Amino acid sequence: METMQTQVLPVNEESIQLAADLLRRGEILALPTETVYGIAADARNGEAVKKIFLAKGRPQDNPLIVHICGMEMLHGLVAQVPDRALRLAKAFWPGPLTMVMPRGPEVSDVTCAGLDTVGIRMPSHPVVQAVIKASGVAFAAPSANLSGRPSPTNAADTLADMDGRLPLILDGGESDVGVESTVVSVCGEHPVLLRPGYVTKEQMEQVLGEEVLVSHAILEKLRPGETARSPGMKYKHYAPKAQVTILKGDFEKYKAYLTAHAAPGVFAMCFTGEGKDLPVPYIEYGTNGDGASQAHRLFTALRECDKAGAQVVYARCPLSSGVSMAVYNRLLRAAAFRVEEL
Ligand code: AMP
Ligand code: MG
């Protein structure tokens, strides 16, 4: 693709206005959200949205999430707002929850990758809200990484992937949550969790008073020939350059395994406070048992492995419920589903 000059600007009235102008003109830009950094384009403008796919090198069959800043913006974007969506919106919007609803007439085919549904989110990040308000544009935005790489959670990591590929990155500091939004389908007979995130299955069940089904693609590899209901769940994703393996077992067994496998280029990705007792270089990614702190660190830690020259990474295994389900889901893909029981 053609390269261009990429400006990184601090957030102020002027840079928000510049971002709004770019969106209205059918251009793209990167900006912080509370989950990860995203690349935004007008969701109604297919030509604009194509530029996102080009910048990321993203497969065209992977739909994008549309971002809004008020319930009135749903008009034209969705065909209908299911009752469950209203209840979940009341509890979790603005915030890191995406709801898949019947698609409205105004969303571009490119945004939805031709599906008859659309994923919608109302983010809580003040920069997103300011840009949507200033532009009046509901924007489609995937994570601001090159396709297949870990999602960026700060402006520097966004620049590392997107330099020369888009005109503007708004620098709003670190993203709080650190992993992408929870995606839940509210189209069918039952609510279905398609991608775990900071808003948990348990929290949604409490609000809805019914079970939220879990797409099996979340914690398992797709079977050959099977199509994903949430195409982003296809298997290789979030991967650093190093080969990652998840080691399931307690810390003593983990330490023994690393002692047996220590070699140049072998790194540990462990929980906070554990690294000093290990025989290999280490990168820590949050507190044992605390999914939120692990989510906040996960993608930065994966990128730090690359920067430190890791070739083989052995990662401690998170839990698989609550916010940790999101951490485990991303780590499984970074590891191409390589898990060893200790
Ligand atoms: P990203 O933009 O990288 O956060 O990825 C967005 C993900 O949301 C996609 O890869 C899908 O997994 C999911 N998604 C978005 N829209 C839909 C939809 N209409 N139906 C099912 N999943 C969706
Ligand atoms: Mg992504």
# chains A, B, ... in the order shown; residues from 1 in each chain; ligands from 1
>>> closest_atom_pairs(of="chain A", to="ligand 2", cutoff="7 Å", atoms="only C-alpha atoms and all ligand atoms", output="CSV")
residue,atom,partner,partner_atom_place_in_ligand_line,distance
A:Pro142,CA,ligand 2,1 (Mg),5.4
A:Ser143,CA,ligand 2,1 (Mg),4.3
A:Asn145,CA,ligand 2,1 (Mg),6.9
A:Ser151,CA,ligand 2,1 (Mg),6.1
>>> residues_near_ligand(ligand="ligand 1", cutoff="10 Å", atoms="only C-alpha atoms and all ligand atoms", output="JSON, numbers by chain")
{"A": [35, 36, 37, 38, 39, 56, 58, 59, 61, 62, 63, 64, 65, 66, 98, 99, 100, 101, 102, 103, 111, 112, 113, 114, 115, 116, 117, 118, 119, 120, 121, 140, 141, 142, 143, 144, 145, 147, 148, 151, 179, 180, 181, 182, 183, 184, 185, 187, 193, 194, 195, 228, 229, 230, 231, 232, 233, 234, 237, 238]}
>>> residues_around(residues="A:Leu77", least_positions_apart="4", cutoff="7 Å", atoms="only C-alpha atoms", output="list in words")
Arg103, Gly104, Pro105, Glu106 and Val107 of chain A
>>> select_by_dssp(residues="stretch 58-232 of chain A", states="strand (DSSP E or B)", output="ChimeraX atom specification")
/A:65-67,75,78,97-103,117-121,139-140,143,168-171,182-185,192-195,213-214
>>> write_last_selection(atoms="N, CA and C atoms", output="tab-separated table (two decimals), in the first residue's frame")
chain	number	residue	atom	x	y	z
A	65	ILE	N	-16.79	-3.62	14.57
A	65	ILE	CA	-17.76	-3.14	15.56
A	65	ILE	C	-18.03	-1.66	15.32
A	66	VAL	N	-19.30	-1.25	15.42
A	66	VAL	CA	-19.68	0.15	15.22
A	66	VAL	C	-19.82	0.83	16.58
A	67	HIS	N	-19.22	2.01	16.71
A	67	HIS	CA	-19.16	2.72	17.99
A	67	HIS	C	-20.08	3.94	17.99
A	75	HIS	N	-30.50	4.45	15.65
A	75	HIS	CA	-31.45	4.60	14.56
A	75	HIS	C	-30.73	4.46	13.20
A	78	VAL	N	-29.30	-0.30	13.43
A	78	VAL	CA	-29.88	-1.61	13.72
A	78	VAL	C	-31.33	-1.64	13.23
A	97	LEU	N	-18.65	-3.45	26.28
A	97	LEU	CA	-19.57	-4.51	25.83
A	97	LEU	C	-20.08	-4.21	24.43
A	98	THR	N	-19.93	-5.20	23.53
A	98	THR	CA	-20.47	-5.10	22.17
A	98	THR	C	-21.65	-6.04	22.05
A	99	MET	N	-22.76	-5.53	21.48
A	99	MET	CA	-23.93	-6.39	21.28
A	99	MET	C	-24.18	-6.58	19.79
A	100	VAL	N	-24.33	-7.83	19.38
A	100	VAL	CA	-24.64	-8.14	17.98
A	100	VAL	C	-26.15	-8.15	17.82
A	101	MET	N	-26.65	-7.24	16.94
A	101	MET	CA	-28.10	-7.04	16.75
A	101	MET	C	-28.44	-7.15	15.26
A	102	PRO	N	-29.73	-7.24	14.94
A	102	PRO	CA	-30.11	-7.25	13.51
A	102	PRO	C	-29.65	-5.95	12.85
A	103	ARG	N	-29.06	-6.07	11.70
A	103	ARG	CA	-28.44	-4.92	11.04
A	103	ARG	C	-29.47	-3.97	10.42
A	117	THR	N	-26.19	-9.04	10.52
A	117	THR	CA	-26.16	-8.52	11.89
A	117	THR	C	-25.05	-7.48	11.98
A	118	VAL	N	-25.10	-6.69	13.06
A	118	VAL	CA	-24.04	-5.70	13.27
A	118	VAL	C	-23.69	-5.66	14.77
A	119	GLY	N	-22.42	-5.55	15.06
A	119	GLY	CA	-21.96	-5.42	16.44
A	119	GLY	C	-21.88	-3.94	16.81
A	120	ILE	N	-22.53	-3.57	17.94
A	120	ILE	CA	-22.54	-2.15	18.34
A	120	ILE	C	-22.00	-2.01	19.75
A	121	ARG	N	-21.20	-0.95	19.96
A	121	ARG	CA	-20.67	-0.67	21.30
A	121	ARG	C	-20.75	0.82	21.60
A	139	PHE	N	-18.61	5.38	14.19
A	139	PHE	CA	-17.49	4.80	13.44
A	139	PHE	C	-17.28	3.31	13.69
A	140	ALA	N	-16.87	2.64	12.62
A	140	ALA	CA	-16.43	1.25	12.73
A	140	ALA	C	-15.00	1.29	13.21
A	143	SER	N	-9.27	-3.22	16.45
A	143	SER	CA	-8.04	-2.90	17.16
A	143	SER	C	-6.98	-2.39	16.17
A	168	LEU	N	-3.20	9.85	11.32
A	168	LEU	CA	-3.24	10.42	12.68
A	168	LEU	C	-3.42	9.36	13.74
A	169	ILE	N	-2.63	9.49	14.83
A	169	ILE	CA	-2.85	8.70	16.04
A	169	ILE	C	-3.08	9.68	17.18
A	170	LEU	N	-4.22	9.61	17.85
A	170	LEU	CA	-4.44	10.43	19.05
A	170	LEU	C	-3.84	9.69	20.24
A	171	ASP	N	-2.96	10.37	20.97
A	171	ASP	CA	-2.30	9.74	22.12
A	171	ASP	C	-3.07	10.09	23.39
A	182	THR	N	-16.11	-7.39	25.34
A	182	THR	CA	-16.96	-8.58	25.35
A	182	THR	C	-17.91	-8.48	24.16
A	183	VAL	N	-18.09	-9.57	23.40
A	183	VAL	CA	-19.09	-9.57	22.32
A	183	VAL	C	-20.18	-10.59	22.66
A	184	VAL	N	-21.45	-10.11	22.71
A	184	VAL	CA	-22.56	-11.00	22.98
A	184	VAL	C	-23.62	-10.83	21.89
A	185	SER	N	-24.14	-11.95	21.40
A	185	SER	CA	-25.22	-11.87	20.42
A	185	SER	C	-26.55	-11.85	21.15
A	192	VAL	N	-25.80	-15.29	23.42
A	192	VAL	CA	-24.60	-16.12	23.24
A	192	VAL	C	-23.35	-15.26	23.35
A	193	LEU	N	-22.44	-15.67	24.22
A	193	LEU	CA	-21.16	-14.99	24.34
A	193	LEU	C	-20.27	-15.43	23.18
A	194	LEU	N	-19.86	-14.44	22.34
A	194	LEU	CA	-19.02	-14.77	21.18
A	194	LEU	C	-17.56	-14.47	21.45
A	195	ARG	N	-17.30	-13.49	22.31
A	195	ARG	CA	-15.91	-13.18	22.68
A	195	ARG	C	-15.91	-12.69	24.12
A	213	LEU	N	-25.24	-18.44	26.87
A	213	LEU	CA	-24.51	-19.58	26.30
A	213	LEU	C	-23.12	-19.12	25.88
A	214	VAL	N	-22.17	-20.05	25.85
A	214	VAL	CA	-20.79	-19.70	25.48
A	214	VAL	C	-20.44	-20.39	24.18
>>> select_by_dssp(residues="stretch 10-82 of chain A", states="alpha helix (DSSP H)", output="ChimeraX atom specification")
/A:13-24,46-56
>>> atom_distance(atom1="atom CA of A:Phe251", atom2="atom CA of A:Ala268")
11.8 Å
>>> residues_around(residues="A:Leu86", least_positions_apart="5", cutoff="12 Å", atoms="only C-alpha atoms", output="list in words")
Met71, Leu74, Gln80, Val81, Ala91, Phe92, Trp93, Met99, Met101, Val186, Val207 and Leu208 of chain A
>>> closest_residue(among="A:Met1, A:Ala239, A:Pro191, A:Phe267", to="A:Leu88", atoms="only C-alpha atoms")
A:Pro191
>>> residues_around(residues="A:Pro281", least_positions_apart="2", cutoff="8 Å", atoms="only C-alpha atoms", output="PyMOL selection string")
chain A and resi 266-268+275+278-279+283
>>> decode(residues="stretch 74-111 of chain A", atoms="N, CA, C and O atoms", output="compact mmCIF listing (two decimals), in the first residue's frame")
# COMPACT_ATOMS: atom_id res chain seq x y z
N LEU A 74 -28.55 4.64 17.52
CA LEU A 74 -28.86 3.30 17.02
C LEU A 74 -29.76 3.35 15.79
O LEU A 74 -29.77 2.44 14.97
N HIS A 75 -30.50 4.45 15.65
CA HIS A 75 -31.45 4.60 14.56
C HIS A 75 -30.73 4.46 13.20
O HIS A 75 -29.78 5.17 12.93
N GLY A 76 -31.20 3.54 12.38
CA GLY A 76 -30.60 3.33 11.06
C GLY A 76 -29.46 2.32 11.09
O GLY A 76 -29.13 1.73 10.07
N LEU A 77 -28.83 2.15 12.26
CA LEU A 77 -27.71 1.19 12.35
C LEU A 77 -28.22 -0.22 12.64
O LEU A 77 -27.62 -1.20 12.22
N VAL A 78 -29.30 -0.30 13.43
CA VAL A 78 -29.88 -1.61 13.72
C VAL A 78 -31.33 -1.64 13.23
O VAL A 78 -31.99 -0.60 13.15
N ALA A 79 -31.81 -2.85 12.90
CA ALA A 79 -33.18 -2.98 12.39
C ALA A 79 -34.15 -2.93 13.56
O ALA A 79 -35.30 -2.53 13.42
N GLN A 80 -33.63 -3.33 14.74
CA GLN A 80 -34.53 -3.47 15.88
C GLN A 80 -33.62 -3.59 17.10
O GLN A 80 -32.51 -4.10 17.01
N VAL A 81 -34.08 -3.06 18.25
CA VAL A 81 -33.29 -3.19 19.48
C VAL A 81 -33.98 -4.24 20.36
O VAL A 81 -35.02 -3.95 20.96
N PRO A 82 -33.42 -5.45 20.44
CA PRO A 82 -34.06 -6.48 21.26
C PRO A 82 -34.13 -6.04 22.72
O PRO A 82 -33.27 -5.28 23.19
N ASP A 83 -35.15 -6.53 23.43
CA ASP A 83 -35.34 -6.18 24.83
C ASP A 83 -34.07 -6.47 25.67
O ASP A 83 -33.68 -5.68 26.52
N ARG A 84 -33.43 -7.60 25.39
CA ARG A 84 -32.20 -7.94 26.13
C ARG A 84 -31.12 -6.87 25.94
O ARG A 84 -30.35 -6.58 26.84
N ALA A 85 -31.09 -6.32 24.73
CA ALA A 85 -30.07 -5.29 24.45
C ALA A 85 -30.31 -4.06 25.30
O ALA A 85 -29.38 -3.45 25.82
N LEU A 86 -31.58 -3.70 25.48
CA LEU A 86 -31.90 -2.52 26.31
C LEU A 86 -31.44 -2.74 27.75
O LEU A 86 -30.88 -1.85 28.39
N ARG A 87 -31.69 -3.97 28.24
CA ARG A 87 -31.32 -4.25 29.63
C ARG A 87 -29.80 -4.28 29.82
O ARG A 87 -29.27 -3.75 30.79
N LEU A 88 -29.12 -4.88 28.86
CA LEU A 88 -27.65 -4.92 28.97
C LEU A 88 -27.05 -3.52 28.80
O LEU A 88 -26.08 -3.15 29.47
N ALA A 89 -27.64 -2.73 27.90
CA ALA A 89 -27.15 -1.36 27.68
C ALA A 89 -27.28 -0.55 28.97
O ALA A 89 -26.37 0.20 29.35
N LYS A 90 -28.41 -0.70 29.63
CA LYS A 90 -28.67 0.04 30.87
C LYS A 90 -27.61 -0.31 31.93
O LYS A 90 -27.12 0.56 32.66
N ALA A 91 -27.22 -1.57 31.95
CA ALA A 91 -26.26 -2.02 32.97
C ALA A 91 -24.81 -1.73 32.59
O ALA A 91 -24.00 -1.40 33.45
N PHE A 92 -24.44 -1.84 31.30
CA PHE A 92 -23.01 -1.86 30.96
C PHE A 92 -22.57 -0.77 29.98
O PHE A 92 -21.37 -0.68 29.68
N TRP A 93 -23.48 0.01 29.42
CA TRP A 93 -23.08 1.10 28.52
C TRP A 93 -23.14 2.42 29.24
O TRP A 93 -24.06 2.62 30.03
N PRO A 94 -22.23 3.35 28.98
CA PRO A 94 -21.05 3.15 28.15
C PRO A 94 -20.05 2.23 28.84
O PRO A 94 -19.86 2.31 30.04
N GLY A 95 -19.40 1.36 28.04
CA GLY A 95 -18.43 0.44 28.60
C GLY A 95 -18.01 -0.61 27.59
O GLY A 95 -18.41 -0.58 26.42
N PRO A 96 -17.19 -1.60 28.05
CA PRO A 96 -16.54 -2.54 27.12
C PRO A 96 -17.42 -3.73 26.72
O PRO A 96 -17.00 -4.88 26.81
N LEU A 97 -18.65 -3.45 26.28
CA LEU A 97 -19.57 -4.51 25.83
C LEU A 97 -20.08 -4.21 24.43
O LEU A 97 -20.59 -3.12 24.18
N THR A 98 -19.93 -5.20 23.53
CA THR A 98 -20.47 -5.10 22.17
C THR A 98 -21.65 -6.04 22.05
O THR A 98 -21.55 -7.20 22.46
N MET A 99 -22.76 -5.53 21.48
CA MET A 99 -23.93 -6.39 21.28
C MET A 99 -24.18 -6.58 19.79
O MET A 99 -24.24 -5.59 19.04
N VAL A 100 -24.33 -7.83 19.38
CA VAL A 100 -24.64 -8.14 17.98
C VAL A 100 -26.15 -8.15 17.82
O VAL A 100 -26.86 -8.90 18.50
N MET A 101 -26.65 -7.24 16.94
CA MET A 101 -28.10 -7.04 16.75
C MET A 101 -28.44 -7.15 15.26
O MET A 101 -27.54 -7.12 14.42
N PRO A 102 -29.73 -7.24 14.94
CA PRO A 102 -30.11 -7.25 13.51
C PRO A 102 -29.65 -5.95 12.85
O PRO A 102 -29.84 -4.86 13.40
N ARG A 103 -29.06 -6.07 11.70
CA ARG A 103 -28.44 -4.92 11.04
C ARG A 103 -29.47 -3.97 10.42
O ARG A 103 -30.44 -4.43 9.82
N GLY A 104 -29.21 -2.67 10.55
CA GLY A 104 -30.07 -1.65 9.94
C GLY A 104 -29.61 -1.30 8.54
O GLY A 104 -28.54 -1.73 8.10
N PRO A 105 -30.41 -0.47 7.81
CA PRO A 105 -30.13 -0.22 6.39
C PRO A 105 -28.93 0.68 6.13
O PRO A 105 -28.40 0.68 5.02
N GLU A 106 -28.46 1.41 7.13
CA GLU A 106 -27.43 2.43 6.84
C GLU A 106 -26.00 1.95 7.01
O GLU A 106 -25.06 2.62 6.60
N VAL A 107 -25.82 0.79 7.65
CA VAL A 107 -24.44 0.30 7.86
C VAL A 107 -23.91 -0.26 6.55
O VAL A 107 -24.59 -1.03 5.88
N SER A 108 -22.69 0.11 6.21
CA SER A 108 -22.11 -0.41 4.96
C SER A 108 -21.90 -1.92 5.05
O SER A 108 -21.55 -2.45 6.11
N ASP A 109 -22.06 -2.56 3.91
CA ASP A 109 -21.77 -3.99 3.76
C ASP A 109 -20.34 -4.32 4.17
O ASP A 109 -20.06 -5.38 4.73
N VAL A 110 -19.44 -3.39 3.88
CA VAL A 110 -18.02 -3.61 4.18
C VAL A 110 -17.82 -3.73 5.68
O VAL A 110 -17.08 -4.58 6.17
N THR A 111 -18.52 -2.89 6.46
CA THR A 111 -18.41 -2.90 7.92
C THR A 111 -18.81 -4.26 8.48
O THR A 111 -18.14 -4.80 9.37
